Every structure is written in structure tokens, then in C-alpha cells.
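Raw protein.cif, mmCIF, C-alpha atoms:
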data_coords
#
loop_
_atom_site.label_atom_id
_atom_site.label_comp_id
_atom_site.auth_asym_id
_atom_site.auth_seq_id
_atom_site.Cartn_x
_atom_site.Cartn_y
_atom_site.Cartn_z
CA MET A 108 -39.96 54.48 -37.61
CA ASN A 109 -42.18 57.44 -38.46
CA THR A 110 -41.15 60.66 -36.75
CA PHE A 111 -44.59 61.86 -35.70
CA THR A 112 -43.40 63.99 -32.81
CA CYS A 113 -42.18 66.79 -35.06
CA CYS A 114 -45.28 66.88 -37.29
CA ILE A 115 -48.28 69.10 -36.67
CA GLN A 116 -51.30 67.16 -35.35
CA ARG A 117 -49.26 63.98 -35.04
CA SER A 118 -48.54 62.19 -31.79
CA ILE A 119 -45.78 59.90 -30.64
CA VAL A 120 -48.56 57.76 -29.14
CA ASP A 121 -49.46 56.68 -32.68
CA ASN A 122 -45.97 55.23 -33.05
CA ILE A 123 -46.33 53.36 -29.78
CA HIS A 124 -49.71 51.92 -30.79
CA LEU A 125 -48.38 50.86 -34.18
CA ALA A 126 -45.32 49.20 -32.64
CA GLN A 127 -47.53 47.27 -30.22
CA GLU A 128 -49.76 46.01 -33.02
CA LEU A 129 -46.84 45.05 -35.28
CA LEU A 130 -45.11 43.13 -32.50
CA ARG A 131 -48.25 41.29 -31.42
CA LYS A 132 -47.82 37.53 -31.95
CA TYR A 133 -44.19 38.25 -32.84
CA ALA A 134 -42.99 35.07 -31.12
CA ARG A 135 -45.34 32.74 -32.99
CA LYS A 136 -43.85 29.50 -34.23
CA ARG A 137 -43.62 28.53 -37.91
CA VAL A 138 -43.05 32.07 -39.16
CA SER A 139 -40.13 33.60 -41.00
CA LYS A 140 -37.02 34.48 -39.02
CA ARG A 141 -37.01 37.97 -37.59
CA CYS A 142 -35.38 40.16 -34.98
CA ILE A 143 -36.20 43.23 -32.90
CA LEU A 144 -33.90 46.21 -32.42
CA LYS A 145 -34.78 48.45 -29.50
CA VAL A 146 -33.06 51.84 -29.38
CA ASP A 147 -33.29 53.73 -26.09
CA VAL A 148 -32.63 57.35 -26.95
CA GLN A 149 -31.41 59.43 -24.03
CA LYS A 150 -29.62 62.73 -23.67
CA ALA A 151 -25.92 61.97 -23.27
CA TYR A 152 -25.36 64.60 -20.62
CA ASP A 153 -27.96 62.93 -18.38
CA THR A 154 -25.48 60.20 -17.48
CA VAL A 155 -22.06 61.12 -18.88
CA ASP A 156 -19.66 62.71 -16.42
CA TRP A 157 -19.13 66.31 -17.48
CA ALA A 158 -15.40 66.29 -16.88
CA PHE A 159 -15.12 63.18 -19.06
CA LEU A 160 -17.21 64.83 -21.77
CA GLU A 161 -14.86 67.83 -21.78
CA GLU A 162 -11.80 65.57 -22.04
CA VAL A 163 -13.34 63.69 -24.98
CA LEU A 164 -14.05 66.91 -26.85
CA ILE A 165 -10.52 68.12 -26.28
CA GLY A 166 -9.16 64.69 -27.27
CA PHE A 167 -10.93 64.97 -30.64
CA ASN A 168 -9.23 68.33 -31.17
CA PHE A 169 -12.39 70.44 -31.21
CA PRO A 170 -11.64 74.17 -31.01
CA SER A 171 -11.33 75.40 -27.45
CA LEU A 172 -14.09 78.00 -27.96
CA PHE A 173 -16.46 75.25 -29.21
CA VAL A 174 -15.62 73.06 -26.19
CA LYS A 175 -16.35 76.02 -23.92
CA TRP A 176 -19.76 76.56 -25.54
CA ILE A 177 -20.70 72.91 -25.13
CA MET A 178 -19.65 72.81 -21.49
CA GLU A 179 -21.54 76.04 -20.83
CA CYS A 180 -24.70 74.45 -22.24
CA VAL A 181 -24.53 71.31 -20.13
CA SER A 182 -22.98 72.53 -16.87
CA THR A 183 -24.14 76.08 -16.15
CA THR A 184 -27.88 75.89 -16.82
CA SER A 185 -30.34 76.87 -14.10
CA TYR A 186 -34.10 76.47 -13.83
CA SER A 187 -37.02 78.31 -12.26
CA ILE A 188 -40.47 76.99 -11.35
CA ALA A 189 -43.40 78.86 -12.90
CA LEU A 190 -46.41 78.73 -10.58
CA ASN A 191 -49.60 80.57 -11.59
CA GLY A 192 -47.62 82.61 -14.11
CA THR A 193 -44.99 83.74 -11.59
CA TYR A 194 -41.41 82.47 -11.41
CA HIS A 195 -40.16 81.33 -8.03
CA GLY A 196 -36.43 80.97 -7.33
CA HIS A 197 -33.99 78.96 -9.40
CA PHE A 198 -31.77 75.91 -9.06
CA LYS A 199 -28.72 74.79 -10.93
CA GLY A 200 -29.02 72.05 -13.53
CA GLU A 201 -27.21 68.93 -12.37
CA ARG A 202 -27.26 65.21 -13.10
CA GLU A 203 -30.05 62.99 -11.72
CA LEU A 204 -33.46 63.98 -10.38
CA ARG A 205 -32.67 65.40 -6.98
CA GLN A 206 -30.84 68.67 -7.65
CA GLY A 207 -29.26 68.88 -4.20
CA MET A 208 -33.12 70.61 -3.31
CA ASP A 209 -32.34 70.38 1.35
CA ASP A 210 -35.22 69.78 3.92
CA ARG A 211 -35.86 73.49 4.29
CA THR A 212 -36.14 73.93 0.52
CA ARG A 213 -38.47 70.93 0.20
CA HIS A 214 -40.77 72.28 2.90
CA GLU A 215 -40.79 75.66 1.19
CA ILE A 216 -41.83 74.03 -2.09
CA LEU A 217 -44.63 72.16 -0.28
CA ARG A 218 -45.84 75.42 1.22
CA MET A 219 -45.75 77.22 -2.12
CA THR A 220 -47.55 74.51 -4.08
CA GLY A 221 -50.18 73.82 -1.45
CA PHE A 222 -49.54 70.09 -1.22
CA THR A 223 -50.72 68.55 2.05
CA PRO A 224 -50.53 65.02 3.47
CA ASP A 225 -54.19 64.60 2.47
CA GLY A 226 -53.76 65.88 -1.08
CA GLY A 227 -56.40 68.34 -2.19
CA LEU A 228 -54.53 69.90 -5.10
CA GLY A 229 -57.09 68.82 -7.67
CA LEU A 230 -54.94 66.11 -9.24
CA LYS A 231 -56.53 64.22 -12.10
CA ASN A 232 -58.30 60.91 -11.73
CA LEU A 233 -55.83 58.82 -13.72
CA ARG A 234 -58.37 56.11 -14.51
CA ALA A 235 -60.83 58.64 -15.96
CA TRP A 236 -58.01 60.36 -17.89
CA ASN A 237 -56.91 57.04 -19.37
CA LEU A 238 -60.50 56.25 -20.42
CA ALA A 239 -60.72 59.66 -22.07
CA LEU A 240 -57.51 59.01 -24.00
CA ILE A 241 -58.81 55.65 -25.21
CA ALA A 242 -62.09 57.31 -26.20
CA LYS A 243 -60.10 59.78 -28.31
CA THR A 244 -58.37 56.85 -30.01
CA LEU A 245 -61.80 55.34 -30.70
CA TRP A 246 -62.87 58.63 -32.29
CA LYS A 247 -59.79 58.67 -34.54
CA ILE A 248 -60.55 55.13 -35.70
CA HIS A 249 -64.18 56.07 -36.32
CA LEU A 250 -63.09 59.02 -38.51
CA LYS A 251 -60.36 56.95 -40.22
CA LYS A 252 -57.77 59.61 -39.45
CA ASP A 253 -54.91 59.99 -41.92
CA ASN A 254 -52.02 58.45 -40.02
CA LEU A 255 -50.19 55.17 -40.38
CA TRP A 256 -51.48 53.46 -37.25
CA ILE A 257 -55.15 54.25 -37.95
CA LYS A 258 -54.72 53.04 -41.54
CA TRP A 259 -53.16 49.85 -40.23
CA ILE A 260 -55.96 49.22 -37.73
CA ASN A 261 -58.74 49.89 -40.23
CA HIS A 262 -57.04 47.59 -42.73
CA ILE A 263 -56.67 44.72 -40.24
CA TYR A 264 -60.29 45.03 -39.04
CA SER A 265 -61.84 45.95 -42.39
CA ASN A 266 -63.75 42.65 -42.49
CA PHE A 267 -65.73 43.74 -39.42
CA GLY A 268 -66.95 47.01 -40.94
CA ASP A 269 -66.66 50.19 -38.90
CA VAL A 270 -65.44 50.26 -35.32
CA TRP A 271 -68.97 50.04 -33.92
CA ASN A 272 -69.28 46.51 -35.32
CA TRP A 273 -65.91 45.09 -34.30
CA LYS A 274 -66.07 41.75 -32.51
CA TRP A 275 -63.97 40.90 -29.49
CA HIS A 276 -61.59 37.94 -29.79
CA LYS A 277 -59.53 36.36 -27.06
CA ASP A 278 -56.19 36.87 -28.83
CA GLU A 279 -56.62 40.60 -29.43
CA SER A 280 -54.04 43.05 -28.10
CA PRO A 281 -54.80 44.78 -24.76
CA LEU A 282 -55.22 48.10 -26.56
CA ILE A 283 -57.91 46.77 -28.91
CA LYS A 284 -59.70 45.16 -25.96
CA HIS A 285 -59.72 48.51 -24.15
CA ILE A 286 -61.01 50.31 -27.24
CA ILE A 287 -63.85 47.81 -27.64
CA SER A 288 -64.62 48.06 -23.92
CA ILE A 289 -64.87 51.86 -24.10
CA ARG A 290 -67.02 51.53 -27.21
CA ASP A 291 -69.41 49.19 -25.37
CA THR A 292 -69.52 51.55 -22.39
CA LEU A 293 -70.51 54.43 -24.66
CA LEU A 294 -73.14 52.29 -26.39
CA GLN A 295 -74.61 51.16 -23.08
CA ARG A 296 -74.81 54.63 -21.59
CA LEU A 297 -75.77 56.57 -24.71
CA GLY A 298 -78.06 54.00 -26.30
CA SER A 299 -76.80 53.81 -29.90
CA ALA A 300 -73.78 54.16 -32.17
CA THR A 301 -75.27 57.37 -33.58
CA ASN A 302 -75.47 58.97 -30.13
CA ALA A 303 -72.00 57.68 -29.20
CA SER A 304 -70.32 59.02 -32.36
CA ALA A 305 -72.10 62.36 -31.93
CA THR A 306 -70.83 62.57 -28.34
CA LEU A 307 -67.27 61.77 -29.45
CA HIS A 308 -67.54 64.51 -32.07
CA CYS A 309 -68.66 67.01 -29.45
CA TRP A 310 -65.75 66.02 -27.25
CA PHE A 311 -62.89 65.91 -29.70
CA ALA A 312 -63.80 68.18 -32.60
CA GLU A 313 -62.39 71.06 -30.55
CA ASP A 314 -59.23 71.44 -28.49
CA LYS A 315 -61.19 71.18 -25.21
CA GLY A 316 -62.38 67.68 -26.03
CA MET A 317 -60.11 65.88 -23.58
CA SER A 318 -61.42 67.86 -20.63
CA ARG A 319 -65.02 67.16 -21.63
CA ALA A 320 -64.38 63.45 -22.01
CA TYR A 321 -62.46 63.39 -18.73
CA ASP A 322 -65.34 65.08 -16.89
CA TRP A 323 -67.79 62.56 -18.37
CA PHE A 324 -65.80 59.53 -17.23
CA ALA A 325 -64.79 61.07 -13.88
CA ASN A 326 -68.36 62.02 -12.96
CA SER A 327 -70.14 58.98 -14.34
CA LYS A 328 -69.45 56.96 -11.20
CA GLY A 329 -70.77 59.64 -8.87
CA ASN A 330 -74.00 59.96 -10.89
CA TRP A 331 -74.49 56.22 -11.21
CA PRO A 332 -78.14 55.78 -12.23
CA TRP A 333 -78.61 52.19 -11.05
CA LYS A 334 -78.00 52.98 -7.38
CA PRO A 335 -81.65 53.76 -6.49
CA LEU A 336 -82.65 50.29 -7.68
CA LEU A 337 -80.13 48.44 -5.57
CA THR A 338 -81.09 50.13 -2.32
CA ARG A 339 -84.61 48.68 -2.33
CA SER A 340 -84.86 46.14 0.48
CA PHE A 341 -87.50 43.98 -1.22
CA ILE A 342 -85.07 42.86 -3.97
CA LEU A 343 -83.48 39.53 -3.13
CA PRO A 344 -79.75 39.85 -2.30
CA LYS A 345 -78.65 37.40 -5.01
CA HIS A 346 -80.68 39.30 -7.60
CA ARG A 347 -79.18 42.56 -6.36
CA ILE A 348 -75.64 41.22 -6.76
CA ILE A 349 -76.18 40.12 -10.38
CA LEU A 350 -77.83 43.44 -11.21
CA TRP A 351 -74.85 45.29 -9.71
CA LEU A 352 -72.42 43.23 -11.81
CA VAL A 353 -74.40 43.92 -14.97
CA ALA A 354 -74.58 47.65 -14.23
CA HIS A 355 -70.79 47.79 -13.76
CA ALA A 356 -70.06 45.54 -16.78
CA LYS A 357 -68.24 43.11 -14.48
CA LEU A 358 -70.24 39.98 -15.14
CA LEU A 359 -68.03 37.16 -16.43
CA THR A 360 -69.47 36.83 -19.91
CA ARG A 361 -67.50 35.09 -22.66
CA ASP A 362 -65.80 38.29 -23.82
CA ARG A 363 -64.16 38.49 -20.38
CA LEU A 364 -63.11 34.83 -20.37
CA PRO A 365 -60.65 34.34 -23.25
CA PHE A 366 -59.83 30.78 -22.19
CA VAL A 367 -63.38 29.52 -22.79
CA ASP A 368 -63.80 27.45 -25.96
CA ASP A 369 -65.66 28.85 -28.96
CA LYS A 370 -68.55 26.40 -29.02
CA PRO A 371 -71.81 28.36 -29.41
CA ARG A 372 -73.69 27.18 -26.34
CA VAL A 373 -75.18 30.48 -25.19
CA LEU A 374 -78.82 31.50 -25.48
CA CYS A 375 -78.93 32.43 -29.17
CA ASN A 376 -76.08 30.20 -30.43
CA THR A 377 -73.43 32.88 -30.84
CA VAL A 378 -69.87 32.90 -29.54
CA ASN A 379 -69.63 36.70 -29.35
CA GLU A 380 -71.27 37.02 -25.95
CA SER A 381 -71.08 40.28 -24.01
CA THR A 382 -73.23 41.91 -21.33
CA GLN A 383 -74.91 44.10 -23.95
CA HIS A 384 -75.66 41.16 -26.20
CA LEU A 385 -76.70 38.67 -23.53
CA PHE A 386 -79.21 40.88 -21.72
CA PHE A 387 -80.39 43.32 -24.38
CA SER A 388 -79.49 42.38 -27.98
CA CYS A 389 -80.11 38.61 -27.93
CA HIS A 390 -83.45 37.63 -29.47
CA TYR A 391 -84.04 35.17 -26.60
CA SER A 392 -83.54 37.93 -24.01
CA ALA A 393 -85.66 40.33 -26.07
CA SER A 394 -88.53 37.82 -25.98
CA VAL A 395 -88.31 37.63 -22.18
CA TRP A 396 -88.20 41.43 -21.83
CA ASN A 397 -91.21 41.81 -24.11
CA GLU A 398 -93.25 39.33 -22.07
CA VAL A 399 -92.33 41.03 -18.78
CA ARG A 400 -92.96 44.47 -20.23
CA ASP A 401 -96.43 43.53 -21.48
CA TRP A 402 -97.26 41.83 -18.19
CA LEU A 403 -96.39 44.96 -16.21
CA GLY A 404 -98.23 47.31 -18.55
CA MET A 405 -95.07 49.06 -19.83
CA TRP A 406 -94.54 50.21 -23.42
CA LYS A 407 -90.89 51.30 -23.71
CA MET A 408 -88.39 49.00 -25.39
CA MET A 409 -85.59 47.30 -23.40
CA GLY A 410 -82.79 47.26 -26.01
CA SER A 411 -79.98 48.64 -23.84
CA PRO A 412 -79.17 49.40 -20.18
CA SER A 413 -80.01 53.06 -20.71
CA ALA A 414 -83.36 52.10 -22.24
CA VAL A 415 -84.13 49.85 -19.26
CA LEU A 416 -83.24 52.65 -16.84
CA LYS A 417 -85.46 55.06 -18.74
CA ALA A 418 -88.32 52.61 -18.72
CA PHE A 419 -88.07 52.09 -14.96
CA GLN A 420 -87.10 55.63 -13.93
CA ASN A 421 -90.58 56.48 -12.67
CA CYS A 422 -90.37 53.53 -10.29
CA TYR A 423 -87.16 54.59 -8.52
CA ARG A 424 -88.74 56.58 -5.75
CA GLY A 425 -92.27 55.32 -6.09
CA ASN A 426 -93.57 53.17 -3.28
CA SER A 427 -96.78 51.93 -4.82
CA THR A 428 -97.30 48.20 -5.17
CA LEU A 429 -97.03 48.40 -8.96
CA SER A 430 -93.74 50.38 -8.78
CA ARG A 431 -92.21 47.84 -6.41
CA MET A 432 -93.41 44.99 -8.61
CA ARG A 433 -91.76 46.57 -11.65
CA ILE A 434 -88.44 47.08 -9.85
CA THR A 435 -88.51 43.52 -8.56
CA ALA A 436 -89.30 42.27 -12.06
CA LEU A 437 -86.29 44.16 -13.44
CA ALA A 438 -83.87 42.53 -11.00
CA SER A 439 -85.55 39.14 -11.43
CA THR A 440 -85.38 39.29 -15.23
CA VAL A 441 -81.65 40.03 -15.19
CA TYR A 442 -81.05 37.26 -12.65
CA PHE A 443 -83.07 34.57 -14.43
CA LEU A 444 -81.57 35.45 -17.83
CA TRP A 445 -78.11 34.93 -16.31
CA ASN A 446 -79.34 31.69 -14.74
CA ALA A 447 -80.71 30.51 -18.09
CA ARG A 448 -77.43 31.38 -19.79
CA ASN A 449 -75.47 29.27 -17.28
CA LYS A 450 -77.82 26.29 -17.58
CA THR A 451 -77.49 26.47 -21.35
CA MET A 452 -73.73 26.83 -21.32
CA PHE A 453 -72.77 24.35 -18.62
CA GLU A 454 -75.68 21.88 -18.57
CA ASP A 455 -76.80 22.08 -22.21
CA ASP A 456 -80.35 22.70 -20.95
CA LYS A 457 -81.86 25.91 -22.33
CA PRO A 458 -85.11 26.89 -20.55
CA ARG A 459 -88.09 27.97 -22.58
CA VAL A 460 -88.96 31.67 -22.63
CA GLU A 461 -92.35 30.99 -21.02
CA ASP A 462 -90.65 29.12 -18.17
CA ILE A 463 -88.33 32.06 -17.50
CA VAL A 464 -91.24 34.50 -17.49
CA ARG A 465 -93.21 32.24 -15.14
CA ARG A 466 -90.32 32.16 -12.65
CA ILE A 467 -90.05 35.95 -12.82
CA LYS A 468 -93.76 36.35 -12.02
CA ILE A 469 -93.59 33.90 -9.14
CA ASN A 470 -90.62 35.72 -7.63
CA VAL A 471 -92.36 39.09 -7.95
CA PHE A 472 -95.48 37.87 -6.15
CA ARG A 473 -93.34 36.31 -3.41
CA CYS A 474 -91.36 39.48 -2.82
CA ILE A 475 -94.25 41.96 -3.16
CA PRO A 476 -97.47 40.84 -1.44
CA CYS A 477 -100.30 42.49 -3.34
CA SER A 478 -104.06 42.64 -3.29
CA ILE A 479 -106.39 40.80 -5.66
CA ASP A 480 -107.13 44.05 -7.53
CA VAL A 481 -103.45 44.72 -8.26
CA CYS A 482 -102.88 41.11 -9.32
CA GLN A 483 -105.75 41.33 -11.78
CA LEU A 484 -104.51 44.71 -13.06
CA VAL A 485 -101.08 43.28 -13.79
CA VAL A 486 -102.16 39.90 -15.11
CA TYR A 487 -104.77 41.27 -17.50
CA SER A 488 -103.02 44.51 -18.55
#
Would you mind giving the structure from this file in C-alpha cells?
Amino acid sequence: MNTFTCCIQRSIVDNIHLAQELLRKYARKRVSKRCILKVDVQKAYDTVDWAFLEEVLIGFNFPSLFVKWIMECVSTTSYSIALNGTYHGHFKGERELRQGMDDRTRHEILRMTGFTPDGGLGLKNLRAWNLALIAKTLWKIHLKKDNLWIKWINHIYSNFGDVWNWKWHKDESPLIKHIISIRDTLLQRLGSATNASATLHCWFAEDKGMSRAYDWFANSKGNWPWKPLLTRSFILPKHRIILWLVAHAKLLTRDRLPFVDDKPRVLCNTVNESTQHLFFSCHYSASVWNEVRDWLGMWKMMGSPSAVLKAFQNCYRGNSTLSRMRITALASTVYFLWNARNKTMFEDDKPRVEDIVRRIKINVFRCIPCSIDVCQLVVYS
């Protein structure tokens, strides 16, 4: 095992990641015989009775002064709590977690630290912190950092090019799946690999990178840009649900269903289906978006969720007939693309692009009654 913990700019996490990757598929059949040795390193004085420890030292004929030093180290230590740069009290070091701290002492600690039954101490959002840590791992892979685990990963996935082109497979390790998921999240929200890598560089090129990444992931939910679209009452509920799932990357595409077979029955005959690919990168979906965009008199491309949001941002608060038609068309396009995907996958019946566009138009006119002038403006734009 590599001792990274004592090396500058090395992390024990790299050892953990490497061990996980090496042990993946360890129990496969028809491979050479092998074994695993797990060593649980723990400080002896955490569990060994101190009186027994002293007797053992004496039994091995260590000098009495040496035995005294050892027993002083393990039995007479005391600790203080540093809070805001000031030390408060002390307690004797003893075995186990509870140091003999009584109810009065516990209440005093609660008062000093400011903990309340409702919280409010500014504790970290663990989910956002975990996402930030995975994003840092993604950045290390992108830079091909000089450590054993990164070298291993880049060697194993060298056939897929850089990390921005890795493909998701059902038998990947959980860590790799999380890294690819974070990568896709960055691509969806930032629009391109260039923007994503630049953002990672801004986060992690300096020591304050973790806090910046944490703030980005922690605040992204509160500033969710799709919310104004889903509050519009004229969007059909079933269309609203699918749009919500797409916005949260929770739609059950093939990359989230590892048990689905690998037959290419999706819209553009690829097995590497994801939300990004299905709705924005697929040439079939791109054809539908282009037709809808031209029909509504819009000029911006629809190559990613962020691009779609940017294209429709002027419609969020607008209440004109054309704005409502565009918002309805957005939800309808996402819904009917998902419907076409399911018909193709489960019924082997792929609709034509013109049929999808026709259904979108019909739904828009049903949901948004409009005058003859507006109809002509849209149809002939």
C-alpha cells in the first residue's frame, strides 16, 4: 500500500479509491486464485487495559523509567476544547468516547457551542459537500494528476479519451458512476466541457476551491432555474411531471437502468442513452427542436438544458399569447420526445419527426387559445 498520508499534496482518499477499483469484480469466476488481507490499524491504548499494558512492559523487563514514561503518555493526558481561538476547560484522557463528561457538563457544552434542538450552527450540507469532493476528483482526473490512482484510472479508461468523453456502463464501480454523474451535471448547467473544465480550474486551482464548489452545489437547488416554467397553470400536468424529471436528471434513461439489455432500440440507435443525449444531443431530438424553434420564430440553439433555458428565459414571466405558446411548446417537446423514445424502445415503433412536431403543435393550440393573427404569425414565421 502507498503511504500517501505522510506525503505533501497526497491524500489517503487516493488509497481508498485505488483499493476500491482494484477489488472491483474481485469475486469473478474463472480467474486466478487470490486472497484479500485487511489490516485494521488502531491505537493499542484505545482498547488495551492500562494496568495490563504496564504489567506487560514490566514482564518484558523494560527499564522502570521507560515504563513510567509510557504510562505517563497514555494515562495522564488531558484535553481542552478550542472554541473561536479560546481554550475552555479540560478533561482527562480516558478510554472510549464518553470521558465521564455529567449532565451539568453536557448542558454547559451545549450552551457554549450554541447548539439548540433546532440546529442553527451552520453545519454543512453533507450532500453538497460530497458532490464538491467528487467534483475535485473529476478535476484531478481531467488534469491527469501524478498519483497512482489517477494513473490507474486514466489507463483503464484510456480508450474513451479524456474524462469528458467517458461512457457509462452498467458494471462500473459506484465511484465512477458518481464521477460521470457530476460531469454530466456540470455539462448540463454550464453548457460545454470547456466551460466545465474552466469552472473546475477556478474552484480547485487555489486552496479555497472546496468552499467555492460547495457553495455552487449547495445553492444550485435554491436558485433552480426551471421552477418558473413548472408553475404555469396552462402546462398539462403530465407534461409538467416529465419536465420536472428531466430538470432534476431523474428520468429513468438507460444509464440509470443497468439491468436493461444493450440492444440499440432508442431514437438514434445508440445504447449510451442519458438525459443529455436523449433530449439534446441525439440527431433525432435535434431535428424536432429545430422544427419547433423555427415554428415559434426562435433562433437560439437547443443543444443543452442551459441552452434551452436561455432560449426561453424571456418567456418566464411574460404573459403574452406567444410567450405562453413557447413555454407550452417546451414542455410538450420534452414530453413527446420521451413518448417517442418509449414507443421505439418497447414497441419497436419509432414515430417520424414530422409526426412528433405535429402533435406538439396540436397540443399548444389546445392549451393556448389564440387569435387568427397569432396563429398566422407563428405558422408562417
(message) At a cut-off of 12 Å, using only C-alpha atoms, what residues contact A:Ser304? Leave out same-chain residues fewer than 4 positions from it and give the result as a list in words.
(response)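 Those residues are Ala242, Lys243, Leu245, Trp246, Lys247, Ile248, His249, Leu250, Asp269, Val270, Trp271, Arg290, Leu293, Leu294, Leu297, Gly298, Ser299, Ala300, His308, Cys309, Trp310, Phe311 and Ala312 of chain A.
One finds atom CA of A:Arg363 at 18.1 Å from atom CA of A:Leu238.
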Could you give me the axis-aligned bounding box of stretch 241-244 of chain A, with 5 Å of padding per side, as centre plus edge lengths in Å to one decimal, as JSON?
{"center_x": -60.2, "center_y": 57.7, "center_z": -27.6, "size_x": 13.7, "size_y": 14.1, "size_z": 14.8}
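Comparing A:Leu172, A:Ser280, A:Arg296, A:Ala447 by their smallest distance to A:Tyr133, the closest is A:Ser280 (using only C-alpha atoms).
Residues within 9 Å of A:Ser392, counting only C-alpha atoms and excluding same-chain residues fewer than 5 positions away, are Leu374, Cys375, His384, Leu385, Phe386, Phe387, Asn397, Leu444 and Val460 of chain A.
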(message) Distance cut-off 9 Å, centre (-95.6, 53.5, -19.3) in file coordinates, counting only C-alpha atoms: which residues qualify? Return them as a PyMOL selection string.
(response) chain A and resi 404-407+418-419+421
(request) Between atom CA of A:Ile289 and atom CA of A:Asn237, measure the distance and give it in Å to one decimal. (result)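 Going from atom CA of A:Ile289 over to atom CA of A:Asn237 covers 10.6 Å.
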(message) Please enumerate the residues selected by the PyMOL selection byres ((chain A and resi 398) around 12) when evaluated against the supplied file, formatted as a ChimeraX atom specification.
(response) /A:391-397,399-406,408-409,436,440,460-465,467-468,486,488
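Closest approach to A:Glu380 among A:Ser411, A:Asn122, A:Phe167, A:Lys274: A:Lys274, based on only C-alpha atoms.
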(message) When the PyMOL selection byres ((chain A and resi 126) around 12) is applied to the structure above, which residues does it catch, written out as a ChimeraX atom specification?
(response) /A:108-109,119-125,127-133,143-145,255-256,259-260,280,282
Could those selected residues go to a file with C-alpha atoms, as a compact mmCIF listing (two decimals), in the coordinates of the input?
# COMPACT_ATOMS: atom_id res chain seq x y z
CA MET A 108 -39.96 54.48 -37.61
CA ASN A 109 -42.18 57.44 -38.46
CA ILE A 119 -45.78 59.90 -30.64
CA VAL A 120 -48.56 57.76 -29.14
CA ASP A 121 -49.46 56.68 -32.68
CA ASN A 122 -45.97 55.23 -33.05
CA ILE A 123 -46.33 53.36 -29.78
CA HIS A 124 -49.71 51.92 -30.79
CA LEU A 125 -48.38 50.86 -34.18
CA GLN A 127 -47.53 47.27 -30.22
CA GLU A 128 -49.76 46.01 -33.02
CA LEU A 129 -46.84 45.05 -35.28
CA LEU A 130 -45.11 43.13 -32.50
CA ARG A 131 -48.25 41.29 -31.42
CA LYS A 132 -47.82 37.53 -31.95
CA TYR A 133 -44.19 38.25 -32.84
CA ILE A 143 -36.20 43.23 -32.90
CA LEU A 144 -33.90 46.21 -32.42
CA LYS A 145 -34.78 48.45 -29.50
CA LEU A 255 -50.19 55.17 -40.38
CA TRP A 256 -51.48 53.46 -37.25
CA TRP A 259 -53.16 49.85 -40.23
CA ILE A 260 -55.96 49.22 -37.73
CA SER A 280 -54.04 43.05 -28.10
CA LEU A 282 -55.22 48.10 -26.56
(request) Please measure the separation of atom CA of A:Val181 and atom CA of A:Gly166, giving the value in Å to one decimal. (result)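 One can read the atom CA of A:Val181 to atom CA of A:Gly166 distance as 18.2 Å.
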(message) Just want the 9 Å neighbourhood of A:Arg448, counted on all atoms listed in the file, with same-chain residues fewer than 4 positions away dropped. Output as a ChimeraX atom specification.
(response) /A:372-374,385,443-444,452-453,457-458
(message) Going by the chain IDs and residue numbers used in this file, which residues fall under the PyMOL selection byres ((chain A and resi 474) around 8)? Write them as a PyMOL selection string.
(response) chain A and resi 341-343+435+470-473+475-476
(request) Write out as a count of residues only each polymer residue whose atoms come within 7 Å of stretch 348-359 of chain A, counting all atoms listed in the file; drop sequence neighbours fewer than 2 positions from it. (result) 11
(request) Excluding A:Glu162 and any residue of its chain fewer than 3 positions from it, enumerate the residues within 12 Å of it, using all atoms listed in the file, and give them as a ChimeraX atom specification. (result) /A:155-159,165-169,171,174-175,177-178
